[in-house]
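**Q** File name protein29.txt; file contents compact mmCIF, C-alpha atoms and all ligand atoms; full text below.
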```txt
# COMPACT_ATOMS: atom_id res chain seq x y z
CA MET X 862 0.00 0.00 0.00
CA ARG X 863 1.55 3.32 -1.09
CA LYS X 864 1.10 6.23 1.32
CA PRO X 865 -0.21 9.29 -0.55
CA MET X 866 1.88 12.46 -0.63
CA VAL X 867 0.86 16.07 -1.17
CA ALA X 868 3.81 18.33 -2.00
CA GLY X 869 3.59 22.09 -2.39
CA ASN X 870 5.96 23.78 -4.84
CA TRP X 871 5.92 27.52 -4.15
CA LYS X 872 8.16 28.21 -7.17
CA MET X 873 9.49 31.82 -6.94
CA ASN X 874 6.52 32.98 -4.87
CA GLY X 875 5.87 33.71 -1.22
CA SER X 876 7.15 35.96 1.54
CA LEU X 877 7.86 35.81 5.25
CA ALA X 878 4.17 36.59 5.76
CA LEU X 879 3.24 33.44 3.83
CA VAL X 880 5.81 31.44 5.83
CA ASN X 881 4.02 32.49 9.02
CA ASP X 882 0.52 31.89 7.62
CA MET X 883 1.51 28.47 6.33
CA GLY X 884 3.20 27.67 9.63
CA ARG X 885 -0.04 28.39 11.49
CA ALA X 886 -2.13 26.41 8.99
CA LEU X 887 0.10 23.35 9.03
CA ALA X 888 0.84 23.34 12.78
CA GLY X 889 -1.76 20.73 13.59
CA VAL X 890 -2.01 18.88 10.29
CA ASP X 891 -2.37 15.12 10.55
CA CYS X 892 0.40 13.45 8.53
CA SER X 893 -0.42 9.90 9.61
CA ALA X 894 -2.30 9.02 6.41
CA VAL X 895 -0.74 11.54 3.98
CA ASP X 896 2.88 12.65 3.68
CA VAL X 897 2.91 16.47 3.55
CA LEU X 898 5.83 18.32 1.96
CA VAL X 899 6.43 22.02 1.31
CA CYS X 900 9.13 23.26 -1.09
CA PRO X 901 9.55 27.03 -0.63
CA PRO X 902 12.28 29.17 -2.25
CA PHE X 903 15.70 28.55 -0.64
CA PRO X 904 15.76 31.64 1.69
CA TYR X 905 12.48 30.58 3.32
CA ILE X 906 13.50 27.01 4.17
CA GLY X 907 15.04 27.96 7.55
CA PRO X 908 12.18 30.26 8.63
CA LEU X 909 9.57 27.70 7.48
CA ARG X 910 11.36 24.95 9.44
CA ARG X 911 11.07 27.13 12.54
CA ALA X 912 7.40 27.90 11.81
CA VAL X 913 6.56 24.22 11.14
CA PRO X 914 8.90 22.18 13.36
CA ASP X 915 10.07 18.74 12.31
CA GLU X 916 7.89 17.17 15.05
CA SER X 917 4.78 18.30 13.14
CA GLY X 918 5.58 15.59 10.59
CA VAL X 919 5.53 18.13 7.75
CA ALA X 920 8.58 17.63 5.52
CA LEU X 921 10.43 20.43 3.75
CA GLY X 922 12.20 20.26 0.43
CA GLY X 923 14.21 22.32 -2.03
CA GLN X 924 13.02 23.12 -5.54
CA ASP X 925 16.38 22.28 -7.11
CA VAL X 926 19.84 21.04 -6.15
CA SER X 927 23.29 21.42 -7.63
CA ARG X 928 24.78 18.41 -9.39
CA TYR X 929 28.01 19.22 -7.49
CA ASP X 930 28.71 18.79 -3.78
CA SER X 931 30.61 22.06 -3.16
CA GLY X 932 32.92 24.52 -4.85
CA ALA X 933 33.00 27.52 -7.15
CA TYR X 934 29.42 27.33 -8.44
CA THR X 935 28.01 30.78 -7.72
CA GLY X 936 24.27 30.72 -7.14
CA GLU X 937 24.05 26.96 -6.69
CA VAL X 938 22.83 25.16 -3.57
CA ALA X 939 24.26 21.79 -2.51
CA GLY X 940 22.24 18.84 -1.29
CA ALA X 941 24.11 18.78 2.02
CA MET X 942 23.06 22.40 2.63
CA LEU X 943 19.41 21.52 2.07
CA ALA X 944 19.74 18.55 4.41
CA GLU X 945 21.41 20.70 7.08
CA MET X 946 18.53 23.19 6.90
CA GLY X 947 16.03 20.42 7.61
CA CYS X 948 15.03 19.28 4.12
CA ARG X 949 14.29 15.65 3.43
CA HIS X 950 13.35 16.03 -0.24
CA VAL X 951 14.25 17.98 -3.34
CA ILE X 952 12.43 18.50 -6.65
CA VAL X 953 14.62 17.53 -9.60
CA GLY X 954 14.01 18.09 -13.30
CA HIS X 955 10.93 20.30 -13.01
CA SER X 956 9.78 21.25 -16.52
CA GLU X 957 10.53 24.92 -15.79
CA ARG X 958 14.16 23.98 -15.09
CA ARG X 959 14.30 21.68 -18.11
CA ALA X 960 12.90 24.44 -20.36
CA MET X 961 14.44 27.61 -18.89
CA HIS X 962 17.74 26.26 -17.58
CA ALA X 963 18.46 23.75 -20.32
CA GLU X 964 18.42 20.78 -17.95
CA THR X 965 18.91 17.62 -19.97
CA ASP X 966 18.15 14.08 -18.85
CA GLU X 967 21.88 13.77 -18.09
CA VAL X 968 21.80 16.78 -15.75
CA VAL X 969 18.65 15.44 -14.09
CA VAL X 970 20.36 12.11 -13.44
CA ASP X 971 23.42 13.88 -11.96
CA LYS X 972 21.12 15.88 -9.67
CA VAL X 973 19.29 12.72 -8.58
CA GLN X 974 22.64 11.23 -7.57
CA ALA X 975 23.74 14.45 -5.82
CA ALA X 976 20.49 14.49 -3.84
CA LEU X 977 20.92 10.85 -2.82
CA ARG X 978 24.53 11.48 -1.72
CA ALA X 979 23.11 14.11 0.66
CA GLY X 980 20.47 11.72 1.97
CA LEU X 981 17.60 13.56 0.27
CA THR X 982 14.65 11.96 -1.55
CA PRO X 983 14.55 13.30 -5.12
CA ILE X 984 11.12 14.04 -6.58
CA VAL X 985 11.83 13.58 -10.26
CA CYS X 986 9.49 15.38 -12.65
CA VAL X 987 8.62 14.09 -16.12
CA GLY X 988 6.03 15.31 -18.61
CA GLU X 989 5.31 16.11 -22.23
CA THR X 990 4.64 19.46 -23.93
CA LEU X 991 1.38 20.17 -25.73
CA GLU X 992 3.13 19.73 -29.09
CA ALA X 993 4.35 16.29 -28.07
CA ARG X 994 0.89 15.26 -26.83
CA ASP X 995 -0.79 16.53 -30.01
CA ALA X 996 1.79 14.64 -32.07
CA GLY X 997 0.93 11.44 -30.16
CA GLU X 998 4.39 11.37 -28.58
CA THR X 999 3.46 11.46 -24.87
CA GLU X 1000 4.76 7.95 -24.12
CA GLN X 1001 7.89 8.54 -26.18
CA VAL X 1002 8.81 11.70 -24.26
CA VAL X 1003 7.80 10.50 -20.80
CA GLY X 1004 9.42 7.12 -21.51
CA ARG X 1005 12.73 8.75 -22.45
CA GLN X 1006 12.76 10.96 -19.34
CA LEU X 1007 11.80 7.98 -17.16
CA ASP X 1008 14.36 5.60 -18.70
CA ALA X 1009 17.20 8.01 -17.85
CA VAL X 1010 16.25 7.49 -14.20
CA LEU X 1011 15.37 3.77 -14.39
CA ASP X 1012 18.82 3.15 -15.91
CA LEU X 1013 20.28 4.05 -12.50
CA GLY X 1014 19.00 0.68 -11.27
CA GLY X 1015 16.52 -0.59 -8.71
CA PHE X 1016 18.63 0.21 -5.62
CA VAL X 1017 18.51 3.90 -6.66
CA VAL X 1018 14.96 4.01 -8.03
CA GLU X 1019 13.50 2.57 -4.81
CA LYS X 1020 14.61 5.81 -3.06
CA LEU X 1021 12.80 8.15 -5.49
CA VAL X 1022 9.39 9.72 -5.89
CA LEU X 1023 8.22 10.41 -9.44
CA ALA X 1024 5.94 13.26 -10.50
CA TYR X 1025 4.08 13.22 -13.79
CA GLU X 1026 3.50 16.84 -14.77
CA PRO X 1027 2.18 17.42 -18.29
CA VAL X 1028 3.75 20.74 -19.29
CA TRP X 1029 0.49 21.90 -20.90
CA ALA X 1030 -1.31 21.59 -17.55
CA ILE X 1031 1.21 23.51 -15.41
CA GLY X 1032 -0.02 26.91 -14.31
CA THR X 1033 -2.48 26.97 -17.20
CA GLY X 1034 -5.66 26.07 -15.35
CA ARG X 1035 -5.98 23.20 -17.84
CA THR X 1036 -5.82 20.00 -15.77
CA ALA X 1037 -5.33 16.56 -17.23
CA SER X 1038 -8.57 14.62 -16.88
CA PRO X 1039 -8.41 11.76 -14.38
CA GLU X 1040 -8.43 9.36 -17.37
CA GLN X 1041 -5.49 11.16 -19.03
CA ALA X 1042 -3.52 11.22 -15.77
CA GLN X 1043 -4.27 7.58 -14.95
CA ALA X 1044 -3.25 6.45 -18.46
CA VAL X 1045 0.22 8.02 -18.18
CA HIS X 1046 0.67 6.93 -14.56
CA ALA X 1047 -0.18 3.34 -15.54
CA PHE X 1048 2.30 3.60 -18.43
CA ILE X 1049 5.02 4.80 -16.01
CA ARG X 1050 4.30 1.97 -13.56
CA GLN X 1051 4.29 -0.66 -16.31
CA ARG X 1052 7.56 0.61 -17.78
CA THR X 1053 9.11 0.59 -14.31
CA ALA X 1054 7.88 -2.98 -13.81
CA ASP X 1055 9.32 -4.04 -17.17
CA ALA X 1056 12.70 -2.52 -16.30
CA LEU X 1057 13.03 -3.28 -12.61
CA GLY X 1058 10.32 -5.75 -11.62
CA ASP X 1059 6.73 -5.57 -10.48
CA GLU X 1060 7.46 -5.40 -6.75
CA LEU X 1061 9.47 -2.19 -7.02
CA ALA X 1062 7.00 -0.71 -9.53
CA GLN X 1063 4.10 -1.30 -7.11
CA ARG X 1064 5.96 0.54 -4.34
CA PHE X 1065 7.03 3.45 -6.58
CA PRO X 1066 5.08 6.63 -5.61
CA ILE X 1067 3.88 8.59 -8.65
CA LEU X 1068 2.45 12.07 -8.00
CA TYR X 1069 0.37 14.06 -10.48
CA GLY X 1070 1.06 17.76 -10.99
CA GLY X 1071 -0.55 20.42 -13.16
CA SER X 1072 -3.33 22.76 -12.03
CA VAL X 1073 -4.41 20.60 -9.09
CA LYS X 1074 -6.90 22.56 -6.96
CA PRO X 1075 -9.24 21.82 -4.05
CA GLY X 1076 -12.03 21.31 -6.60
CA ASN X 1077 -10.35 18.60 -8.71
CA ALA X 1078 -7.90 16.98 -6.27
CA ARG X 1079 -10.16 14.21 -4.95
CA GLU X 1080 -11.03 12.95 -8.42
CA LEU X 1081 -7.39 12.92 -9.55
CA PHE X 1082 -6.13 11.30 -6.35
CA GLY X 1083 -8.85 8.66 -6.70
CA CYS X 1084 -7.12 7.17 -9.76
CA ALA X 1085 -5.51 3.80 -9.09
CA ASP X 1086 -1.96 4.85 -10.01
CA VAL X 1087 -2.06 8.47 -8.77
CA ASP X 1088 -0.41 8.59 -5.33
CA GLY X 1089 -0.97 12.26 -4.55
CA GLY X 1090 0.06 15.54 -6.08
CA LEU X 1091 2.75 18.12 -6.68
CA ILE X 1092 0.89 21.38 -6.24
CA GLY X 1093 2.09 24.73 -7.57
CA GLY X 1094 -0.24 27.73 -7.51
CA ALA X 1095 -2.80 26.18 -5.15
CA SER X 1096 -0.12 25.46 -2.52
CA LEU X 1097 0.22 29.22 -1.90
CA ASP X 1098 -3.19 29.38 -0.23
CA PRO X 1099 -2.92 27.74 3.21
CA ASP X 1100 -6.64 26.84 3.44
CA GLY X 1101 -6.75 25.46 -0.09
CA PHE X 1102 -3.57 23.48 0.53
CA LEU X 1103 -5.17 21.92 3.63
CA GLU X 1104 -8.21 20.97 1.53
CA ILE X 1105 -5.97 19.29 -1.03
CA ILE X 1106 -4.21 17.37 1.77
CA SER X 1107 -7.63 16.20 3.02
CA ALA X 1108 -8.55 15.09 -0.50
CA ALA X 1109 -5.55 12.73 -0.48
CA ARG X 1110 -6.65 10.93 2.70
CA PRO X 1111 -7.70 7.39 1.74
P1 LIG X 1201 0.54 24.28 -10.91
O1 LIG X 1201 2.09 23.83 -10.91
O2 LIG X 1201 -0.14 23.48 -9.81
O3 LIG X 1201 0.57 25.74 -10.61
O4 LIG X 1201 0.00 23.96 -12.27
C1 LIG X 1201 2.47 22.51 -10.67
C2 LIG X 1201 3.97 22.39 -10.72
O5 LIG X 1201 4.59 23.01 -11.60
O6 LIG X 1201 4.58 21.68 -9.90
```
Let me see the structure of the file written as structure tokens.
**A**
Amino acid sequence: MRKPMVAGNWKMNGSLALVNDMGRALAGVDCSAVDVLVCPPFPYIGPLRRAVPDESGVALGGQDVSRYDSGAYTGEVAGAMLAEMGCRHVIVGHSERRAMHAETDEVVVDKVQAALRAGLTPIVCVGETLEARDAGETEQVVGRQLDAVLDLGGFVVEKLVLAYEPVWAIGTGRTASPEQAQAVHAFIRQRTADALGDELAQRFPILYGGSVKPGNARELFGCADVDGGLIGGASLDPDGFLEIISAARP
């Protein structure tokens, strides 16, 4: 039985005021049936950790990690730094990083390994553009992005969380239908089973991301292979985020 996860990705949004509001909202949240994760911008990780202490059960994560462990990489943040600030997870290969920072599958794989060296759980994002979907190439694109990670082998893949985020549904208000999401999630699970065995594939958490809101979360999370969500815009509203967490409770 896979435990659902709801992860908030603030992207480059938020403020100290939001840190405090979110801290108050999440103070008493019940994480026994749903793993709750918040990924704020780097400067807010420390303040958010103080506002939502580790004992609350709420996990914190970074939105990106350097592929290197330390050194002359101005502007980069190392996995060990995230871990030291109280993070347990990090988002890797988000489509905005793939598109705007030229992150290739090779870079994504390096970042996965850097995160694991620091003891962090990478949340690896995959997803097709609208052009690829319209050209009937969804499985080709998602399969290529997934294979880069599966090639690392079962002992690595069993430490990951995957997030399917169709690029055309991110921040657009256009959500994948539950049928569209389930079809790609089932494809990901089957391909994982083919590569690394059914047992690992059944344990592999696969989140859906792309315009998840309180109004559509329950239906999406009800799909057999959808194990929760990676939430962008709607994770900036503390009350709405709590509703989405409730929608993930089995
Ligand atoms: P969205 O973003 O919920 O605002 O569509 C999701 C994401 O990019 O992780």
**Q** Using only C-alpha atoms and all ligand atoms, find each residue with an atom at most 10 Å away from ligand LIG 1201 (chain X) and format the answer as number ranges by chain.
**A** X: 868-872, 924, 952, 955-957, 986, 1024-1036, 1069-1074, 1090-1097
**Q** Can you work out which one of X:Glu1040, X:Gly1014, X:Ile1106, X:Asp1098 has the shortest atom-to-atom distance to Val880 (chain X), counting all atoms listed in the file?
**A**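 Looking only at the distances to Val880 (chain X), the closest residue turns out to be X:Asp1098.
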**Q** Using all atoms listed in the file, can you list as a ChimeraX atom specification the residues within 12 Å of (2.5, 3.5, -13.9)?
**A** /X:1000,1003-1004,1007,1023-1025,1042-1055,1059,1061-1069,1084-1088
**Q** Save the residues we just selected, C-alpha atoms, as a compact mmCIF listing (two decimals), in the coordinates of the input?
**A**
```
# COMPACT_ATOMS: atom_id res chain seq x y z
CA GLU X 1000 4.76 7.95 -24.12
CA VAL X 1003 7.80 10.50 -20.80
CA GLY X 1004 9.42 7.12 -21.51
CA LEU X 1007 11.80 7.98 -17.16
CA LEU X 1023 8.22 10.41 -9.44
CA ALA X 1024 5.94 13.26 -10.50
CA TYR X 1025 4.08 13.22 -13.79
CA ALA X 1042 -3.52 11.22 -15.77
CA GLN X 1043 -4.27 7.58 -14.95
CA ALA X 1044 -3.25 6.45 -18.46
CA VAL X 1045 0.22 8.02 -18.18
CA HIS X 1046 0.67 6.93 -14.56
CA ALA X 1047 -0.18 3.34 -15.54
CA PHE X 1048 2.30 3.60 -18.43
CA ILE X 1049 5.02 4.80 -16.01
CA ARG X 1050 4.30 1.97 -13.56
CA GLN X 1051 4.29 -0.66 -16.31
CA ARG X 1052 7.56 0.61 -17.78
CA THR X 1053 9.11 0.59 -14.31
CA ALA X 1054 7.88 -2.98 -13.81
CA ASP X 1055 9.32 -4.04 -17.17
CA ASP X 1059 6.73 -5.57 -10.48
CA LEU X 1061 9.47 -2.19 -7.02
CA ALA X 1062 7.00 -0.71 -9.53
CA GLN X 1063 4.10 -1.30 -7.11
CA ARG X 1064 5.96 0.54 -4.34
CA PHE X 1065 7.03 3.45 -6.58
CA PRO X 1066 5.08 6.63 -5.61
CA ILE X 1067 3.88 8.59 -8.65
CA LEU X 1068 2.45 12.07 -8.00
CA TYR X 1069 0.37 14.06 -10.48
CA CYS X 1084 -7.12 7.17 -9.76
CA ALA X 1085 -5.51 3.80 -9.09
CA ASP X 1086 -1.96 4.85 -10.01
CA VAL X 1087 -2.06 8.47 -8.77
CA ASP X 1088 -0.41 8.59 -5.33
```
**Q** Could the residues of region 941-994 of chain X that have an atom at most 10 Å from region 893-908 of chain X be listed as a Markdown table, each with its closest atom pair and the distance in Å to one decimal, counting only C-alpha atoms and ordered by chain and ascending residue number?
**A**
```
| residue | atom | partner | partner_atom | distance |
| --- | --- | --- | --- | --- |
| X:Leu943 | CA | X:Ile906 | CA | 8.3 |
| X:Glu945 | CA | X:Gly907 | CA | 9.7 |
| X:Met946 | CA | X:Gly907 | CA | 5.9 |
| X:Gly947 | CA | X:Gly907 | CA | 7.6 |
| X:Cys948 | CA | X:Ile906 | CA | 7.9 |
| X:Arg949 | CA | X:Leu898 | CA | 9.0 |
| X:His950 | CA | X:Leu898 | CA | 8.2 |
| X:Val951 | CA | X:Cys900 | CA | 7.7 |
| X:Ile952 | CA | X:Cys900 | CA | 8.0 |
```
**Q** With C-alpha atoms kept, could you save the residues just selected as a PDB file, in the frame of the given file?
**A**
```pdb
ATOM      1  CA  LEU X 943      19.410  21.520   2.070  1.00  0.00           C
ATOM      2  CA  GLU X 945      21.410  20.700   7.080  1.00  0.00           C
ATOM      3  CA  MET X 946      18.530  23.190   6.900  1.00  0.00           C
ATOM      4  CA  GLY X 947      16.030  20.420   7.610  1.00  0.00           C
ATOM      5  CA  CYS X 948      15.030  19.280   4.120  1.00  0.00           C
ATOM      6  CA  ARG X 949      14.290  15.650   3.430  1.00  0.00           C
ATOM      7  CA  HIS X 950      13.350  16.030  -0.240  1.00  0.00           C
ATOM      8  CA  VAL X 951      14.250  17.980  -3.340  1.00  0.00           C
ATOM      9  CA  ILE X 952      12.430  18.500  -6.650  1.00  0.00           C
TER      10      ILE X 952
END
```
**Q** If you count all atoms listed in the file, which residues fall within 8 Å of Val953 (chain X), apart from same-chain ones fewer than 3 positions away, as a count of residues only?
**A** 10
**Q** Please report the interatomic distance between CA of Thr982 (chain X) and CA of Gly922 (chain X) in Å with one decimal.
**A**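 About the pair CA of Thr982 (chain X) and CA of Gly922 (chain X): they are 8.9 Å apart.
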**Q** Distance CA of Val1002 (chain X)-CA of Gly988 (chain X), one decimal place?
**A** 7.3 Å
**Q** Any idea what the distance is between CA of Gly932 (chain X) and CA of Asp966 (chain X)?
**A**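 Those two atoms sit 22.9 Å apart.
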**Q** Hey, which of X:Ala886, X:Ala963, X:Leu981, X:Ala1056 ends up closest to Gly1015 (chain X)? Count only C-alpha atoms.
**A**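 Of X:Ala886, X:Ala963, X:Leu981, X:Ala1056, the one nearest Gly1015 (chain X) is X:Ala1056, counting only C-alpha atoms.
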